[in-house]
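Below is query_9.cif, which holds mmCIF, C-alpha atoms.
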data_model
loop_
_atom_site.label_atom_id
_atom_site.label_comp_id
_atom_site.auth_asym_id
_atom_site.auth_seq_id
_atom_site.Cartn_x
_atom_site.Cartn_y
_atom_site.Cartn_z
CA MET G 14 52.43 47.53 77.79
CA LYS G 15 49.32 49.66 77.24
CA LYS G 16 50.45 50.34 73.67
CA ILE G 17 50.74 46.59 73.00
CA LEU G 18 47.25 45.93 74.43
CA SER G 19 45.80 48.73 72.27
CA LEU G 20 47.40 47.26 69.14
CA VAL G 21 45.98 43.82 69.90
CA LEU G 22 42.48 45.28 70.35
CA VAL G 23 42.70 47.08 67.01
CA LEU G 24 43.69 43.86 65.25
CA VAL G 25 40.80 41.94 66.86
CA MET G 26 38.34 44.63 65.76
CA VAL G 27 39.66 44.55 62.16
CA LEU G 28 39.31 40.76 62.00
CA ALA G 29 35.79 40.95 63.45
CA LEU G 30 34.72 43.50 60.85
CA ALA G 31 36.15 41.35 58.05
CA ALA G 32 34.16 38.35 59.31
CA CYS G 33 30.95 40.41 59.17
CA GLY G 34 31.39 41.23 55.47
CA THR G 35 29.34 39.64 52.59
CA PRO G 36 30.42 36.02 52.17
CA ALA G 37 31.60 34.72 48.79
CA ALA G 38 28.99 32.78 46.79
CA PRO G 39 29.55 29.03 46.95
CA ALA G 40 30.65 27.29 43.79
CA LYS G 41 27.82 25.62 41.86
CA PRO G 42 28.71 21.98 41.24
CA GLY G 43 28.26 20.48 37.81
CA GLY G 44 27.30 16.88 37.13
CA ASP G 45 30.89 15.86 37.73
CA GLY G 46 31.27 17.92 40.94
CA LYS G 47 33.31 20.61 39.19
CA GLU G 48 32.45 24.27 39.26
CA THR G 49 30.32 25.52 36.39
CA ASP G 50 29.49 28.91 35.01
CA ALA G 51 26.24 30.63 35.95
CA PRO G 52 23.22 29.50 33.88
CA LYS G 53 23.03 30.99 30.41
CA ALA G 54 20.56 33.79 29.90
CA GLY G 55 17.42 32.94 27.94
CA VAL G 56 16.78 34.34 24.46
CA GLU G 57 13.71 35.88 22.91
CA LEU G 58 12.84 33.44 20.18
CA ASN G 59 11.69 34.16 16.67
CA VAL G 60 11.03 30.69 15.26
CA GLY G 61 10.68 29.64 11.65
CA VAL G 62 8.80 26.33 11.19
CA PHE G 63 9.26 24.84 7.73
CA TYR G 64 6.86 22.09 6.61
CA TYR G 65 7.51 19.99 3.55
CA HIS G 66 3.85 20.15 2.44
CA TYR G 67 0.78 21.55 4.18
CA ALA G 68 -1.39 19.16 2.14
CA ASP G 69 0.01 16.11 3.95
CA ALA G 70 -2.72 15.13 6.45
CA TYR G 71 -0.34 13.89 9.14
CA ILE G 72 1.88 16.95 8.81
CA SER G 73 -1.22 19.14 9.12
CA THR G 74 -1.97 17.44 12.44
CA VAL G 75 1.57 18.05 13.66
CA ARG G 76 1.29 21.69 12.55
CA ASP G 77 -1.95 22.19 14.47
CA ASN G 78 -0.33 20.83 17.62
CA MET G 79 2.87 22.85 17.11
CA ASP G 80 0.87 26.05 16.62
CA LYS G 81 -1.09 25.39 19.80
CA GLN G 82 1.97 24.67 21.93
CA LEU G 83 4.02 27.58 20.56
CA ASN G 84 1.12 29.94 21.22
CA GLU G 85 0.68 28.59 24.74
CA ALA G 86 4.40 29.19 25.37
CA LYS G 87 4.01 32.74 23.97
CA ILE G 88 6.81 32.12 21.49
CA LYS G 89 6.86 34.13 18.26
CA PHE G 90 6.81 31.90 15.18
CA THR G 91 6.08 31.83 11.46
CA ASN G 92 5.02 28.76 9.47
CA PHE G 93 6.22 28.09 5.92
CA ASP G 94 4.78 25.67 3.35
CA GLY G 95 7.48 24.14 1.17
CA ASN G 96 4.74 22.85 -1.13
CA ASN G 97 6.82 19.70 -1.72
CA ASN G 98 9.52 21.76 -3.46
CA GLN G 99 13.01 21.69 -1.98
CA ALA G 100 14.26 24.81 -3.77
CA THR G 101 11.29 26.75 -2.41
CA GLN G 102 11.97 25.56 1.13
CA LEU G 103 15.67 26.46 1.05
CA ASP G 104 14.78 29.94 -0.22
CA GLN G 105 12.29 30.26 2.64
CA ILE G 106 14.95 29.25 5.18
CA ASN G 107 17.53 31.73 3.89
CA THR G 108 15.00 34.57 3.71
CA ALA G 109 13.72 33.84 7.21
CA ILE G 110 17.27 33.97 8.61
CA THR G 111 17.82 37.31 6.88
CA ASN G 112 14.57 38.56 8.45
CA GLY G 113 15.69 37.70 11.98
CA VAL G 114 14.54 34.14 12.68
CA ASN G 115 16.84 32.68 15.36
CA LEU G 116 15.61 29.06 15.54
CA LEU G 117 14.80 26.78 12.61
CA ILE G 118 12.41 23.82 12.85
CA VAL G 119 12.62 21.96 9.54
CA ASN G 120 10.54 19.17 8.01
CA ILE G 121 12.88 18.74 5.04
CA VAL G 122 11.36 18.16 1.59
CA GLU G 123 14.00 16.07 -0.13
CA THR G 124 15.03 12.84 1.62
CA GLY G 125 16.56 10.94 -1.28
CA SER G 126 19.85 12.83 -0.89
CA PRO G 127 21.56 14.41 2.15
CA ASP G 128 22.38 17.58 0.19
CA SER G 129 19.19 19.46 1.08
CA ALA G 130 19.44 18.85 4.82
CA GLN G 131 23.15 19.72 4.61
CA ALA G 132 22.31 23.05 2.95
CA ALA G 133 19.73 23.87 5.64
CA SER G 134 22.14 22.94 8.41
CA LYS G 135 24.92 25.02 6.85
CA ALA G 136 22.60 28.04 6.68
CA ALA G 137 21.83 27.65 10.38
CA GLU G 138 25.50 27.19 11.29
CA THR G 139 26.55 30.26 9.30
CA ALA G 140 23.92 32.28 11.17
CA GLY G 141 24.94 30.69 14.48
CA ILE G 142 21.39 29.58 15.29
CA PRO G 143 19.97 26.17 16.27
CA ILE G 144 18.15 23.91 13.82
CA ILE G 145 15.73 21.11 14.74
CA PHE G 146 14.92 18.71 11.91
CA PHE G 147 11.80 16.59 12.34
CA ASN G 148 9.68 13.78 10.88
CA ARG G 149 11.65 13.17 7.67
CA GLU G 150 14.90 11.38 8.41
CA VAL G 151 18.15 13.34 8.21
CA ASP G 152 21.57 11.71 7.88
CA SER G 153 23.25 11.29 11.28
CA GLU G 154 26.51 12.78 10.04
CA ILE G 155 24.71 16.03 9.23
CA VAL G 156 23.25 16.19 12.74
CA LYS G 157 26.63 15.38 14.29
CA ALA G 158 28.46 18.00 12.22
CA TYR G 159 26.73 20.96 13.87
CA ALA G 160 26.50 21.12 17.66
CA LYS G 161 23.31 23.18 17.56
CA SER G 162 21.33 20.67 15.50
CA ALA G 163 19.01 17.81 16.45
CA PHE G 164 16.40 15.54 14.89
CA VAL G 165 12.99 14.48 16.21
CA GLY G 166 11.32 11.63 14.38
CA THR G 167 10.48 7.97 14.55
CA ASP G 168 12.27 4.67 14.17
CA ALA G 169 11.59 4.30 10.45
CA ALA G 170 11.55 0.50 10.56
CA GLU G 171 9.18 0.24 13.53
CA ALA G 172 6.04 1.17 11.59
CA GLY G 173 6.76 -1.49 8.97
CA HIS G 174 7.32 -4.16 11.60
CA LEU G 175 4.13 -3.28 13.48
CA GLN G 176 2.05 -3.08 10.33
CA GLY G 177 3.42 -6.37 8.97
CA LYS G 178 2.57 -8.23 12.16
CA LEU G 179 -0.88 -6.64 12.28
CA ILE G 180 -1.56 -7.68 8.68
CA GLY G 181 -0.35 -11.24 9.26
CA ASP G 182 -2.38 -11.66 12.46
CA THR G 183 -5.52 -10.28 10.79
CA LEU G 184 -5.26 -12.61 7.79
CA VAL G 185 -4.48 -15.71 9.81
CA LYS G 186 -7.59 -15.25 11.96
CA ASP G 187 -9.91 -15.59 8.95
CA PHE G 188 -7.80 -16.55 5.95
CA ASP G 189 -10.57 -18.22 3.95
CA LYS G 190 -12.79 -15.16 4.25
CA TYR G 191 -10.12 -12.90 2.76
CA ASP G 192 -9.17 -15.37 0.02
CA LEU G 193 -11.94 -14.21 -2.31
CA ASN G 194 -11.04 -16.33 -5.36
CA LYS G 195 -10.28 -19.39 -3.21
CA ASP G 196 -6.87 -20.00 -4.74
CA GLY G 197 -5.24 -20.45 -1.33
CA LYS G 198 -3.27 -17.16 -1.59
CA ILE G 199 -3.82 -13.52 -0.74
CA SER G 200 -3.28 -11.04 -3.59
CA TYR G 201 -2.21 -7.55 -2.48
CA VAL G 202 -1.32 -4.06 -3.67
CA MET G 203 1.25 -1.87 -1.91
CA PHE G 204 1.14 1.93 -2.09
CA LYS G 205 4.64 3.11 -1.30
CA GLY G 206 4.20 6.88 -1.42
CA GLN G 207 7.66 8.10 -2.37
CA GLU G 208 10.97 6.73 -3.61
CA GLY G 209 14.10 7.35 -1.55
CA ASN G 210 12.23 8.09 1.66
CA PRO G 211 13.42 5.91 4.60
CA GLU G 212 9.94 5.67 6.14
CA ALA G 213 8.48 4.56 2.81
CA ASP G 214 11.33 2.12 2.19
CA PHE G 215 11.05 0.40 5.57
CA ARG G 216 7.25 0.28 5.60
CA THR G 217 7.26 -1.25 2.13
CA LYS G 218 9.85 -3.84 3.10
CA TYR G 219 8.64 -4.95 6.52
CA GLY G 220 4.92 -4.51 5.93
CA VAL G 221 5.15 -7.48 3.57
CA GLU G 222 8.09 -9.43 5.03
CA ASP G 223 6.71 -9.50 8.57
CA ALA G 224 3.22 -10.39 7.36
CA ASP G 225 4.74 -13.27 5.39
CA ALA G 226 6.57 -14.47 8.50
CA VAL G 227 3.29 -14.64 10.44
CA LEU G 228 1.57 -16.43 7.54
CA LYS G 229 4.41 -18.93 7.19
CA GLU G 230 4.31 -19.75 10.90
CA ALA G 231 0.59 -20.48 10.52
CA GLY G 232 1.21 -22.74 7.53
CA LYS G 233 -0.13 -20.25 5.00
CA PRO G 234 1.51 -19.13 1.72
CA ALA G 235 3.24 -15.77 1.38
CA LEU G 236 1.45 -12.72 0.04
CA GLU G 237 1.38 -12.36 -3.73
CA PHE G 238 1.58 -8.97 -5.49
CA TYR G 239 -1.40 -8.61 -7.78
CA ASP G 240 0.64 -7.67 -10.89
CA SER G 241 3.29 -10.28 -11.73
CA ALA G 242 4.79 -7.91 -14.33
CA ASN G 243 5.68 -5.37 -11.63
CA SER G 244 9.08 -6.46 -10.32
CA SER G 245 9.16 -3.69 -7.69
CA LYS G 246 5.95 -4.99 -6.06
CA TYR G 247 4.71 -1.54 -5.12
CA LEU G 248 3.11 1.58 -6.64
CA VAL G 249 4.56 5.06 -6.02
CA ASP G 250 2.72 8.37 -5.88
CA PRO G 251 4.13 10.04 -9.03
CA ASP G 252 4.21 13.39 -7.20
CA GLY G 253 5.87 11.94 -4.09
CA ALA G 254 3.04 13.39 -2.01
CA TRP G 255 1.65 10.18 -0.44
CA SER G 256 -1.77 11.44 -1.56
CA ALA G 257 -5.26 9.98 -1.42
CA LYS G 258 -5.72 11.01 -5.05
CA ALA G 259 -2.78 8.91 -6.23
CA ALA G 260 -4.18 5.79 -4.51
CA THR G 261 -7.71 6.46 -5.83
CA ASP G 262 -6.42 6.89 -9.37
CA TYR G 263 -4.38 3.68 -9.16
CA MET G 264 -7.30 1.73 -7.70
CA ASN G 265 -9.73 2.98 -10.35
CA THR G 266 -7.39 1.67 -13.03
CA ILE G 267 -6.79 -1.62 -11.21
CA LEU G 268 -10.45 -2.31 -10.52
CA ALA G 269 -11.28 -1.95 -14.20
CA SER G 270 -9.39 -5.21 -14.80
CA TYR G 271 -9.18 -6.94 -11.42
CA SER G 272 -12.49 -8.10 -10.02
CA GLU G 273 -14.25 -10.99 -8.34
CA ALA G 274 -15.92 -11.78 -11.65
CA ASN G 275 -12.49 -12.22 -13.24
CA LYS G 276 -11.34 -14.17 -10.17
CA ASN G 277 -8.33 -11.90 -9.74
CA MET G 278 -9.71 -9.36 -7.27
CA ILE G 279 -7.16 -7.68 -5.01
CA GLU G 280 -7.66 -9.15 -1.54
CA LEU G 281 -5.44 -6.87 0.57
CA ILE G 282 -4.37 -3.22 0.41
CA ILE G 283 -1.26 -2.02 2.22
CA ALA G 284 -0.66 1.74 2.28
CA ASN G 285 2.31 3.55 3.79
CA ASN G 286 0.08 6.30 5.16
CA ASP G 287 -3.60 6.83 5.93
CA ASN G 288 -4.08 9.30 3.08
CA MET G 289 -3.38 6.60 0.51
CA ALA G 290 -5.36 4.02 2.50
CA GLU G 291 -8.38 6.31 2.48
CA GLY G 292 -7.92 6.99 -1.22
CA ALA G 293 -8.03 3.24 -1.85
CA VAL G 294 -11.19 2.90 0.26
CA ALA G 295 -12.87 5.66 -1.76
CA ALA G 296 -12.26 3.71 -4.99
CA LEU G 297 -13.49 0.48 -3.40
CA ASN G 298 -16.68 2.21 -2.23
CA VAL G 299 -17.51 3.21 -5.80
CA VAL G 300 -17.63 -0.45 -6.89
CA GLY G 301 -19.53 -1.60 -3.79
CA TYR G 302 -16.77 -2.76 -1.44
CA ASN G 303 -15.89 -1.62 2.11
CA LEU G 304 -19.17 0.21 2.66
CA GLY G 305 -19.26 -0.54 6.38
CA ASP G 306 -22.85 -1.72 6.11
CA GLY G 307 -22.24 -5.27 7.35
CA LYS G 308 -23.31 -6.66 3.97
CA SER G 309 -20.73 -5.62 1.40
CA VAL G 310 -17.47 -7.51 0.87
CA THR G 311 -14.67 -5.80 2.80
CA ILE G 312 -11.09 -5.85 1.55
CA PRO G 313 -8.68 -5.39 4.47
CA VAL G 314 -7.01 -1.99 4.12
CA PHE G 315 -4.11 -0.93 6.36
CA GLY G 316 -2.48 2.48 6.74
CA VAL G 317 -0.07 4.41 8.93
CA ASP G 318 -0.61 7.62 10.98
CA ALA G 319 -3.91 6.99 12.84
CA LEU G 320 -5.54 10.12 11.46
CA ASP G 321 -8.95 10.82 12.98
CA THR G 322 -10.60 10.17 9.62
CA ALA G 323 -8.85 6.82 9.30
CA LYS G 324 -9.77 5.84 12.86
CA GLN G 325 -13.39 6.62 12.03
CA LYS G 326 -13.22 4.38 8.95
CA ILE G 327 -11.78 1.60 11.10
CA GLU G 328 -14.63 1.94 13.58
CA GLU G 329 -17.09 1.86 10.68
CA GLY G 330 -15.56 -1.33 9.29
CA LYS G 331 -14.18 0.34 6.14
CA MET G 332 -10.52 -0.09 7.09
CA ALA G 333 -8.84 -2.91 9.04
CA GLY G 334 -6.21 -0.99 11.00
CA THR G 335 -3.49 1.65 11.09
CA ILE G 336 -0.19 2.29 12.81
CA MET G 337 -0.26 5.31 15.10
CA GLN G 338 2.30 8.01 14.40
CA ASP G 339 1.92 10.33 17.37
CA ALA G 340 1.42 13.89 16.10
CA VAL G 341 0.94 15.26 19.62
CA GLY G 342 4.04 13.43 20.84
CA MET G 343 6.04 14.74 17.87
CA ALA G 344 5.06 18.35 18.60
CA THR G 345 5.57 17.97 22.36
CA THR G 346 9.05 16.50 21.89
CA ILE G 347 10.06 19.29 19.54
CA MET G 348 8.74 21.83 22.04
CA THR G 349 11.01 20.39 24.74
CA LEU G 350 13.99 21.41 22.60
CA VAL G 351 12.44 24.77 21.73
CA LYS G 352 11.99 25.59 25.41
CA ASN G 353 15.59 24.56 26.08
CA VAL G 354 16.74 27.13 23.54
CA ALA G 355 14.39 29.78 24.95
CA GLU G 356 15.76 29.21 28.45
CA GLY G 357 19.38 29.20 27.36
CA ALA G 358 19.86 25.54 28.26
CA ASP G 359 21.68 22.94 26.18
CA LEU G 360 19.64 21.87 23.15
CA MET G 361 19.31 18.29 24.42
CA ALA G 362 18.61 19.11 28.06
CA ASN G 363 15.53 17.55 29.69
CA THR G 364 15.42 14.64 27.23
CA ASP G 365 16.13 11.78 29.65
CA LYS G 366 12.56 10.49 29.31
CA PHE G 367 12.86 10.18 25.52
CA VAL G 368 14.36 7.47 23.33
CA VAL G 369 17.59 8.99 22.03
CA ASP G 370 19.97 7.42 19.53
CA LYS G 371 23.45 6.63 20.79
CA ASP G 372 26.13 9.23 19.95
CA VAL G 373 23.83 11.52 17.93
CA PHE G 374 21.12 14.03 18.85
CA LYS G 375 18.20 12.05 17.42
CA ILE G 376 15.02 11.50 19.44
CA ARG G 377 12.59 8.73 18.45
CA VAL G 378 8.84 9.08 19.06
CA PRO G 379 7.36 5.55 19.33
CA TYR G 380 4.59 4.15 17.11
CA GLY G 381 1.52 2.21 18.25
CA VAL G 382 -1.24 0.03 16.74
CA TYR G 383 -4.84 1.11 16.19
CA THR G 384 -7.65 -1.33 15.35
CA ALA G 385 -11.40 -1.36 15.95
CA LYS G 386 -12.41 -1.15 19.62
#
Serialized structure, structure tokens:
Amino acid sequence: MKKILSLVLVLVMVLALAACGTPAAPAKPGGDGKETDAPKAGVELNVGVFYYHYADAYISTVRDNMDKQLNEAKIKFTNFDGNNNQATQLDQINTAITNGVNLLIVNIVETGSPDSAQAASKAAETAGIPIIFFNREVDSEIVKAYAKSAFVGTDAAEAGHLQGKLIGDTLVKDFDKYDLNKDGKISYVMFKGQEGNPEADFRTKYGVEDADAVLKEAGKPALEFYDSANSSKYLVDPDGAWSAKAATDYMNTILASYSEANKNMIELIIANNDNMAEGAVAALNVVGYNLGDGKSVTIPVFGVDALDTAKQKIEEGKMAGTIMQDAVGMATTIMTLVKNVAEGADLMANTDKFVVDKDVFKIRVPYGVYTAK
């Protein structure tokens, strides 16, 4: 009997000691209640940021904000200027990968064909590193094809819609004032910027169509392109750089033949970015228009980007308005994805607050309207 009692006591002591051991860690539930692996370890980033052209004023603003935020996050990075040359940019990407870059942020040069973005994405996939395209639209199939790729940009059509409505509303408020030759119509010039670029295409289309819709509703005739021989009804920067110089050169040529004295003066200028809008204003200033002095005749000039220089011209009465493309918002959104990569999280984590396309990793930064205060 004593032996039996001793055996029982030994068993109780063994069970008690087992209960005092280190407990097993509880399973971490995933979003669906299932167990998940431990969080991924973060990585030390070496980022390559590839800009299509440093000379682009809006892109320069994005770059300034990206530099600031990357420095604040203490993330190593190198900027590259593609100088509006796709072959140069692809060489830069491949060389950067060879030199140890492990995250690509790419403002692709060529948008008229998907081949360039496909080549950049393939380089990233071969290296097994993430790639974030931004600003210049990339085909959704390219983004879908590689799990570590995403795009941050805008809704290309939105700027055109906003600008068109702004133009229409502005003209309707004081139509007779803007109709300089009193023919009952508004003659305009459109600076497109670049062929084959979705932003340029949509801004060109809706900037006029939506303005016409507002004019029609008010009982006014549609806009009329100044040159009836131009079937395209727009002028393109021959270098595809959306530059102020291209608009100034065009306007200098136009103003040599089109004037109030000839009763064929251009009465409206629509530009697909602020650079070209400001270039047009510079040419107008030379012949005494849009001086912001309260005395000179002012041709309504509209742009896109809301650059500080353009906003100043609007406040001075030299431009009528611009559509805000949020450079700070663009950089901040990109940085959300960069930090995800740095922390070892999924590329598209923490993006619930953003506007994301359905079924593809594309985030849209909204536009806004800027006019005189």
* Proximity to Gly113 in chain G - best of G:Gln325, G:Asn59, G:Asn92, G:Thr346, all atoms listed in the file ->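 Residue with the minimum atom-to-atom distance to Gly113 in chain G: G:Asn59.
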* Measuring atom to atom with only C-alpha atoms, identify which of G:Phe204, G:Tyr64, G:Phe315, G:Phe90 is nearest to Leu175 in chain G. =>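 The shortest atom-to-atom distance to Leu175 in chain G comes from G:Phe315.
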* So, counting all atoms listed in the file, which residue among G:Pro313, G:Gly232, G:Pro143, G:Gly307 is closest to Leu360 in chain G? ->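 Checking each of G:Pro313, G:Gly232, G:Pro143, G:Gly307 against Leu360 in chain G, counting all atoms listed in the file, the winner is G:Pro143.
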* So which one's closest to Phe188 in chain G, G:Pro234, G:Thr217, G:Ser162, G:Lys331? Using all atoms listed in the file, please. -> G:Pro234
* To do: Enumerate, as a list in words, the residues matched when the PyMOL selection byres ((chain G and resi 82) around 12) is run on the file above.
  =>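 That expression, the PyMOL selection byres ((chain G and resi 82) around 12), corresponds here to Val75, Arg76, Asp77, Asn78, Met79, Asp80, Lys81, Leu83, Asn84, Glu85, Ala86, Lys87, Ile88, Lys89, Phe90, Val341, Gly342, Met343, Ala344, Thr345, Thr346, Ile347, Met348, Thr349, Val351 and Lys352 of chain G.
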Counting all atoms listed in the file, what are the residues of range 260-323 of chain G within 12 Å of range 250-253 of chain G, and for each of them which pair of atoms is the nearest and at what distance in Å, to one decimal? Sort the table by chain and rising number, as a Markdown table.
| residue | atom | partner | partner_atom | distance |
| --- | --- | --- | --- | --- |
| G:Ala260 | CA | G:Asp250 | CA | 7.5 |
| G:Thr261 | CA | G:Asp250 | CA | 10.6 |
| G:Asp262 | CA | G:Asp250 | CA | 9.9 |
| G:Tyr263 | CA | G:Asp250 | CA | 9.1 |
| G:Ala284 | CA | G:Asp250 | CA | 11.0 |
| G:Asn285 | CA | G:Asp250 | CA | 10.8 |
| G:Asn286 | CA | G:Asp250 | CA | 11.5 |
| G:Asn288 | CA | G:Asp250 | CA | 11.3 |
| G:Met289 | CA | G:Asp250 | CA | 9.0 |
| G:Gly292 | CA | G:Asp250 | CA | 11.7 |
* Asked: Between CA of Ala160 in chain G and CA of Ala137 in chain G, what is the distance, to one decimal in Å?
  -> 10.8 Å
* Exactly which residues make up the result of the PyMOL selection byres ((chain G and resi 369) around 12) on this file, given as a ChimeraX atom specification? -> /G:163-168,346,361-368,370-379
Test item: residues at most 12 Å from Asp128 in chain G, all atoms listed in the file, excluding those fewer than 6 positions along its chain, as an mmCIF file with C-alpha atoms, in the frame of the given file:
data_model
loop_
_atom_site.group_PDB
_atom_site.id
_atom_site.type_symbol
_atom_site.label_atom_id
_atom_site.label_comp_id
_atom_site.auth_asym_id
_atom_site.auth_seq_id
_atom_site.Cartn_x
_atom_site.Cartn_y
_atom_site.Cartn_z
ATOM 1 C CA GLN G 99 13.010 21.690 -1.980
ATOM 2 C CA ALA G 100 14.260 24.810 -3.770
ATOM 3 C CA LEU G 103 15.670 26.460 1.050
ATOM 4 C CA ILE G 121 12.880 18.740 5.040
ATOM 5 C CA VAL G 122 11.360 18.160 1.590
ATOM 6 C CA SER G 134 22.140 22.940 8.410
ATOM 7 C CA LYS G 135 24.920 25.020 6.850
ATOM 8 C CA VAL G 151 18.150 13.340 8.210
ATOM 9 C CA ASP G 152 21.570 11.710 7.880
ATOM 10 C CA GLU G 154 26.510 12.780 10.040
ATOM 11 C CA ILE G 155 24.710 16.030 9.230
#
* To do: Run through the PyMOL selection byres ((chain G and resi 312) around 9) on the given coordinates and return the selected residues as a count of residues only.
  => 16
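Residue nearest Asn112 in chain G within the list G:Ala140, G:Ile145, G:Ala70, G:Val317: G:Ala140 [criterion: smallest interatomic distance, only C-alpha atoms].
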* To do: Go ahead and compute the interatomic distance for CA of Ser309 in chain G and CA of Ile283 in chain G, in Å to one decimal.
  =>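 Pair CA of Ser309 in chain G / CA of Ile283 in chain G returns 19.8 Å.
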* Tell me, as a list in words, which residues lie within 9 Å of Asp69 in chain G, counting all atoms listed in the file; anything in the same chain fewer than 5 positions away does not count. => Thr74, Ala254, Trp255, Ser256 and Asn288 of chain G
* Asked: So which one's closest to Asn194 in chain G, G:Asn243, G:Asn275, G:Asn298, G:Asn148? Using all atoms listed in the file, please.
  ->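 Among the listed residues, the smallest separation from Asn194 in chain G belongs to G:Asn275.
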* Asked: At what distance in Å, to one decimal, does CA of Lys198 in chain G lie from CA of Ala170 in chain G?
  ->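 So the two atoms, CA of Ala170 in chain G and CA of Lys198 in chain G, lie 26.1 Å apart.
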* Asked: Within 12 Å of Asp187 in chain G, counting all atoms listed in the file, which residues qualify if same-chain residues fewer than 5 places away don't, as a list in words?
  -> Ile180, Gly181, Asp182, Asp192, Leu193, Ile199, Leu228, Ala231, Lys233 and Pro313 of chain G
* To do: Give as a list in words each residue that has an atom at most 9 Å from (20.7, 31.9, 4.2) in the file, counting only C-alpha atoms.
  =>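 Nearby residues: Leu103, Asp104, Gln105, Ile106, Asn107, Thr108, Ala109, Ile110, Thr111, Ala133, Lys135, Ala136, Ala137, Thr139 and Ala140 of chain G.
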* Find the spatial neighbours of Thr124 in chain G, counting only C-alpha atoms, within a cut-off of 7 Å - ignore same-chain residues fewer than 3 positions away - and output them as a PyMOL selection string. => chain G and resi 127+149-150+209-210
* To do: Excluding Ile336 in chain G and any residue of its chain fewer than 6 positions from it, enumerate the residues within 10 Å of it, using all atoms listed in the file, and give them as number ranges by chain.
  => G: 171-176, 179, 285-287, 315-320, 380-384
As an mmCIF file, keeping the file's coordinate frame, please: range 218-233 of chain G completed to N, CA and C atoms.
data_model
loop_
_atom_site.group_PDB
_atom_site.id
_atom_site.type_symbol
_atom_site.label_atom_id
_atom_site.label_comp_id
_atom_site.auth_asym_id
_atom_site.auth_seq_id
_atom_site.Cartn_x
_atom_site.Cartn_y
_atom_site.Cartn_z
ATOM 1 N N LYS G 218 9.096 -2.601 2.886
ATOM 2 C CA LYS G 218 9.850 -3.840 3.100
ATOM 3 C C LYS G 218 9.219 -4.714 4.185
ATOM 4 N N TYR G 219 9.057 -4.137 5.375
ATOM 5 C CA TYR G 219 8.640 -4.950 6.520
ATOM 6 C C TYR G 219 7.134 -5.179 6.584
ATOM 7 N N GLY G 220 6.361 -4.282 5.963
ATOM 8 C CA GLY G 220 4.920 -4.510 5.930
ATOM 9 C C GLY G 220 4.575 -5.825 5.273
ATOM 10 N N VAL G 221 5.362 -6.201 4.267
ATOM 11 C CA VAL G 221 5.150 -7.480 3.570
ATOM 12 C C VAL G 221 5.946 -8.606 4.224
ATOM 13 N N GLU G 222 7.230 -8.364 4.485
ATOM 14 C CA GLU G 222 8.090 -9.430 5.030
ATOM 15 C C GLU G 222 7.567 -9.951 6.366
ATOM 16 N N ASP G 223 7.166 -9.061 7.253
ATOM 17 C CA ASP G 223 6.710 -9.500 8.570
ATOM 18 C C ASP G 223 5.343 -10.160 8.500
ATOM 19 N N ALA G 224 4.504 -9.712 7.570
ATOM 20 C CA ALA G 224 3.220 -10.390 7.360
ATOM 21 C C ALA G 224 3.465 -11.801 6.853
ATOM 22 N N ASP G 225 4.410 -11.942 5.922
ATOM 23 C CA ASP G 225 4.740 -13.270 5.390
ATOM 24 C C ASP G 225 5.254 -14.199 6.483
ATOM 25 N N ALA G 226 6.028 -13.645 7.417
ATOM 26 C CA ALA G 226 6.570 -14.470 8.500
ATOM 27 C C ALA G 226 5.436 -15.023 9.374
ATOM 28 N N VAL G 227 4.434 -14.195 9.648
ATOM 29 C CA VAL G 227 3.290 -14.640 10.440
ATOM 30 C C VAL G 227 2.501 -15.705 9.672
ATOM 31 N N LEU G 228 2.305 -15.468 8.380
ATOM 32 C CA LEU G 228 1.570 -16.430 7.540
ATOM 33 C C LEU G 228 2.308 -17.765 7.461
ATOM 34 N N LYS G 229 3.612 -17.710 7.282
ATOM 35 C CA LYS G 229 4.410 -18.930 7.190
ATOM 36 C C LYS G 229 4.314 -19.748 8.469
ATOM 37 N N GLU G 230 4.392 -19.060 9.612
ATOM 38 C CA GLU G 230 4.310 -19.750 10.900
ATOM 39 C C GLU G 230 2.963 -20.452 11.069
ATOM 40 N N ALA G 231 1.927 -19.883 10.440
ATOM 41 C CA ALA G 231 0.590 -20.480 10.520
ATOM 42 C C ALA G 231 0.333 -21.490 9.410
ATOM 43 N N GLY G 232 1.367 -21.760 8.610
ATOM 44 C CA GLY G 232 1.210 -22.740 7.530
ATOM 45 C C GLY G 232 0.513 -22.196 6.305
ATOM 46 N N LYS G 233 0.519 -20.880 6.139
ATOM 47 C CA LYS G 233 -0.130 -20.250 5.000
ATOM 48 C C LYS G 233 0.921 -19.732 4.010
#
